[in-house]
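*Asks:* Pasting a structure below so you can have a look.
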Amino acid sequence: MADMEYVRQVELTNKVHSELFHVERPQSVKALRDLILECDAGLSLQLQKFVALNESFALNNGRAVSGNGGESDLRKALLSVDDEADMNGFIMEFASKSPPQQVGMMKFEVQKHPIFPLPPVQQPQQEPPRPSEPQQINPRPPYDPHAQGAFGGGGAVVTPAPRPVRRPVKPVFGVPLEVLLQRDGNAVPIVVIQCMTAVELYGLNVEGIYRQAGATSHIQKIKEIFDNDPSKVDFRNPDQFFQDVNSVASALKQFFRELPDPVLTYALYDEFIESAKIDDDNARRDALHGLINRLPDAHYATVRALVLHLSRVMQYSGQNKMNSWNLSICFGPTLMSARQEDLKNTNWQHRALDTILRNALDIFDED
């Protein structure tokens with residue numbers, strides 16, 4: 001009995017280690033990379049403000065600000081900065097300095113005790129099992145940790161079969177907003193409504209809400225819930241989202257990231273960027289307001305609900321530290337992106353959303 005429990009624990013360890021190696025670690029690295037790029041984008045914007053103020057100060061003192069090429073040297077230096085290339089170069093510097101490491105996932109195997117042999121009843125299973133033997137030993141599903149592997153003491157452990165991917169019954173993530181509207185009849189997708197409800201009930205006082213990442217396993221389970229039976233979801237009950245409001249916030253951002261066409265649409269992206277560059281606050285607000293009114297119905301209803309929700313989050317910025325600018329850093333590239341990666345306009349994306357959030361009640365009527 002102890003031998004069987006030992007084998008089961010080894011198999012369970014291999015399964016957990018495999019999930020860490022293939023799922024948890026890559027997702028954590030991606031989240032860290034995205035956070036670094038967001039910080040870099042914020043720093044770049046502050047540098048742009050510094051350059052503008054410095055040039056204004058110099059001009060007020062009757063000094064020239066252009067270099068030999070007819071452009072401000074400071075501005076030229078700032079435009080030459082490539083955040084992503086700098087980060088990749090920094091990482092590669094340390095890659096050459098780190099000691100060689102074994103590539104691939106470690107696999108744990110059952111070790112036979114040198115003194116105490118296994119009971120005789122287990123001897124027929126010491127040879128490597130034939131392909132059909134796992135089904136003969138236990139016909140239960142392979143993803144049950146109690147049913148995986150062979151129970152021999154000297155043979156290699158059978159690697160746990162990967163858990164089959166559950167095909168969404170009624171997918172929500174990765175589905176265009178127009179399709180969700182036609183299929184479900186809701187102007188605002190149910191996943192957006194439920195996630196916003198959870199945040200407003202349990203997350204308004206949470207420091208860093210929408211900035212702090214939730215648990216990857218919880219986010220994945222939340223996605224599966226909405227992709228299969230969203231009608232039974234009621235996030236007024238915190239047990240339904242594992243008492244983890246940060247995972248709800250992360251799932252909401254993930255929903256917007258996976259949309260085939262962003263909420264503020266590819267078609268209007270260039271116009272949003274140009275509107276963000278307007279210096280006058282009122283003119284910039286009016287230009288962005290006009291573009292929002294041109295959005296398709298499903299996109300307009302969704303962005304309206306989200307912006308009014310984020311406006312309520314901002315009202316608690318004294319506790320959660322999430323003002324309009326911090327929220328624009330979290331949501332800007334998610335709600336408004338180009339078909340091709342466009343890092344040079346990241347700051348304008350933030351400025352556009354920051355303007356929309358600060359003027360939420362002027363742009364949208366709150367029910």
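Letters A, B, ... mark the chains of the structure tokens in the order given; residue numbers begin at 1 per chain; ligand numbers begin at 1, in order shown.
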Give me the residues within 12 Å of A:Asp279 as a PyMOL selection string, counting only C-alpha atoms and dropping any in the same chain fewer than 2 places off.

*Replies:* chain A and resi 49+52+274-277+281-285+287+348+351-352+355

*Asks:* Could you dump the residues just selected with N, CA and C atoms as a tab-separated table (two decimals), in the first residue's frame?

*Replies:*
chain	number	residue	atom	x	y	z
A	49	LYS	N	7.38	64.75	-21.89
A	49	LYS	CA	6.92	65.96	-21.20
A	49	LYS	C	8.10	66.83	-20.78
A	52	ALA	N	9.45	68.65	-23.81
A	52	ALA	CA	8.58	69.76	-24.21
A	52	ALA	C	8.74	70.95	-23.26
A	274	GLU	N	-4.09	60.24	-33.83
A	274	GLU	CA	-3.98	61.65	-34.22
A	274	GLU	C	-4.75	62.55	-33.27
A	275	SER	N	-5.90	62.10	-32.81
A	275	SER	CA	-6.69	62.90	-31.86
A	275	SER	C	-5.95	63.03	-30.53
A	276	ALA	N	-5.25	61.98	-30.13
A	276	ALA	CA	-4.52	62.02	-28.86
A	276	ALA	C	-3.39	63.04	-28.90
A	277	LYS	N	-2.92	63.38	-30.08
A	277	LYS	CA	-1.80	64.31	-30.22
A	277	LYS	C	-2.23	65.78	-30.13
A	281	ASP	N	-6.83	70.50	-24.39
A	281	ASP	CA	-7.57	69.44	-23.69
A	281	ASP	C	-9.00	69.30	-24.20
A	282	ASN	N	-9.69	70.41	-24.35
A	282	ASN	CA	-11.09	70.35	-24.78
A	282	ASN	C	-11.22	69.86	-26.22
A	283	ALA	N	-10.33	70.34	-27.08
A	283	ALA	CA	-10.36	69.90	-28.49
A	283	ALA	C	-10.04	68.41	-28.59
A	284	ARG	N	-9.09	67.96	-27.78
A	284	ARG	CA	-8.74	66.53	-27.79
A	284	ARG	C	-9.92	65.69	-27.31
A	285	ARG	N	-10.57	66.14	-26.24
A	285	ARG	CA	-11.74	65.42	-25.73
A	285	ARG	C	-12.83	65.34	-26.79
A	287	ALA	N	-12.59	65.57	-30.05
A	287	ALA	CA	-12.19	64.72	-31.18
A	287	ALA	C	-12.36	63.24	-30.83
A	348	TRP	N	0.73	57.58	-26.91
A	348	TRP	CA	-0.48	58.23	-27.39
A	348	TRP	C	-1.72	57.39	-27.08
A	351	ARG	N	-2.49	58.29	-23.60
A	351	ARG	CA	-3.04	59.64	-23.49
A	351	ARG	C	-4.49	59.68	-23.96
A	352	ALA	N	-4.79	58.94	-25.01
A	352	ALA	CA	-6.17	58.90	-25.51
A	352	ALA	C	-7.11	58.35	-24.45
A	355	THR	N	-7.57	60.65	-21.43
A	355	THR	CA	-8.51	61.74	-21.72
A	355	THR	C	-9.95	61.25	-21.65

*Asks:* Within 7 Å of stretch 252-266 of chain A, counting only C-alpha atoms, which residues show up once you throw out same-chain ones fewer than 5 positions away? Write them as an MDAnalysis selection string, please.

*Replies:* chainID A and resid 173:176 192 195 299 303 334:339

*Asks:* Can those selected residues be exported to a file as a PDB file, in the first residue's frame so that it contains C-alpha atoms?

*Replies:*
ATOM      1  CA  PHE A 173     -13.178  34.618 -25.363  1.00  0.00           C
ATOM      2  CA  GLY A 174     -11.791  35.352 -28.822  1.00  0.00           C
ATOM      3  CA  VAL A 175     -15.248  35.936 -30.333  1.00  0.00           C
ATOM      4  CA  PRO A 176     -16.037  39.296 -32.056  1.00  0.00           C
ATOM      5  CA  VAL A 192     -17.799  42.017 -18.991  1.00  0.00           C
ATOM      6  CA  CYS A 195     -16.335  40.807 -14.003  1.00  0.00           C
ATOM      7  CA  HIS A 299     -18.258  48.243 -29.507  1.00  0.00           C
ATOM      8  CA  VAL A 303     -16.626  50.706 -24.194  1.00  0.00           C
ATOM      9  CA  THR A 334      -5.605  46.437 -24.783  1.00  0.00           C
ATOM     10  CA  LEU A 335      -8.526  48.544 -25.963  1.00  0.00           C
ATOM     11  CA  MET A 336      -6.746  50.335 -28.812  1.00  0.00           C
ATOM     12  CA  SER A 337      -4.101  48.596 -30.880  1.00  0.00           C
ATOM     13  CA  ALA A 338      -2.865  48.457 -34.457  1.00  0.00           C
ATOM     14  CA  ARG A 339      -2.864  45.359 -36.647  1.00  0.00           C
TER      15      ARG A 339
END

*Asks:* From the list A:Glu38, A:Leu177, A:Ser217, A:Tyr202, which residue is nearest A:Glu24 when using only C-alpha atoms?

*Replies:*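 Looking at the shortest contact to A:Glu24, the residue is A:Ser217.
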
*Asks:* So that I can check the surroundings of A:Leu32, please list as a ChimeraX atom specification every protein, DNA and RNA residue that reaches within 12 Å of it, counting only C-alpha atoms and ignoring chain neighbours fewer than 4 positions away.

*Replies:* /A:25-28,36-39,87,211-213

*Asks:* Just to be explicit: take each residue in the selection above, keep C-alpha atoms, and write the result as a short mmCIF file (atom, residue, chain, number, x, y, z; two decimals), in the first residue's frame.

*Replies:*
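The result, stored in result-v1.cif:
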data_model
loop_
_atom_site.label_atom_id
_atom_site.label_comp_id
_atom_site.auth_asym_id
_atom_site.auth_seq_id
_atom_site.Cartn_x
_atom_site.Cartn_y
_atom_site.Cartn_z
CA ARG A 25 6.36 29.73 -15.99
CA PRO A 26 5.83 30.97 -19.60
CA GLN A 27 2.72 32.91 -18.56
CA SER A 28 4.54 34.50 -15.62
CA ILE A 36 8.23 46.07 -17.96
CA LEU A 37 7.07 47.44 -21.32
CA GLU A 38 4.23 49.32 -19.60
CA CYS A 39 6.72 50.88 -17.18
CA MET A 87 15.10 45.06 -22.99
CA ARG A 211 -2.48 46.26 -12.27
CA GLN A 212 -1.88 43.24 -10.03
CA ALA A 213 -2.03 39.92 -11.90
#

*Asks:* Would you mind telling me which residue in A:Val313, A:Leu288, A:Met196, A:Leu35 lies nearest to A:Glu84 when using only C-alpha atoms?

*Replies:*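 When distances to A:Glu84 are compared using only C-alpha atoms, the smallest one comes from A:Leu35.
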
*Asks:* So, with only C-alpha atoms as the atoms that count, which of A:Val169, A:Met314, A:Leu59, A:Val248 lies closest to A:Glu224?

*Replies:*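 Result for the nearest residue to A:Glu224: A:Val169.
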
*Asks:* Between A:Asn345, A:Gln9, A:Gln240, A:Asn326, single out the one closest to A:Glu109, counting only C-alpha atoms.

*Replies:*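 The shortest atom-to-atom distance to A:Glu109 comes from A:Gln9.
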
*Asks:* What does the structure give for the distance between atom CA of A:Leu343 and atom CA of A:Asn246, in Å to one decimal?

*Replies:*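 Going from atom CA of A:Leu343 over to atom CA of A:Asn246 covers 26.4 Å.
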
*Asks:* Looking only at alpha helix (DSSP H) from DSSP on the backbone, list the matching residues of stretch 206-356 of chain A as a PyMOL selection string.

*Replies:* chain A and resi 216-228+245-257+269-276+281-293+297-314+317-320+324-335+346-356
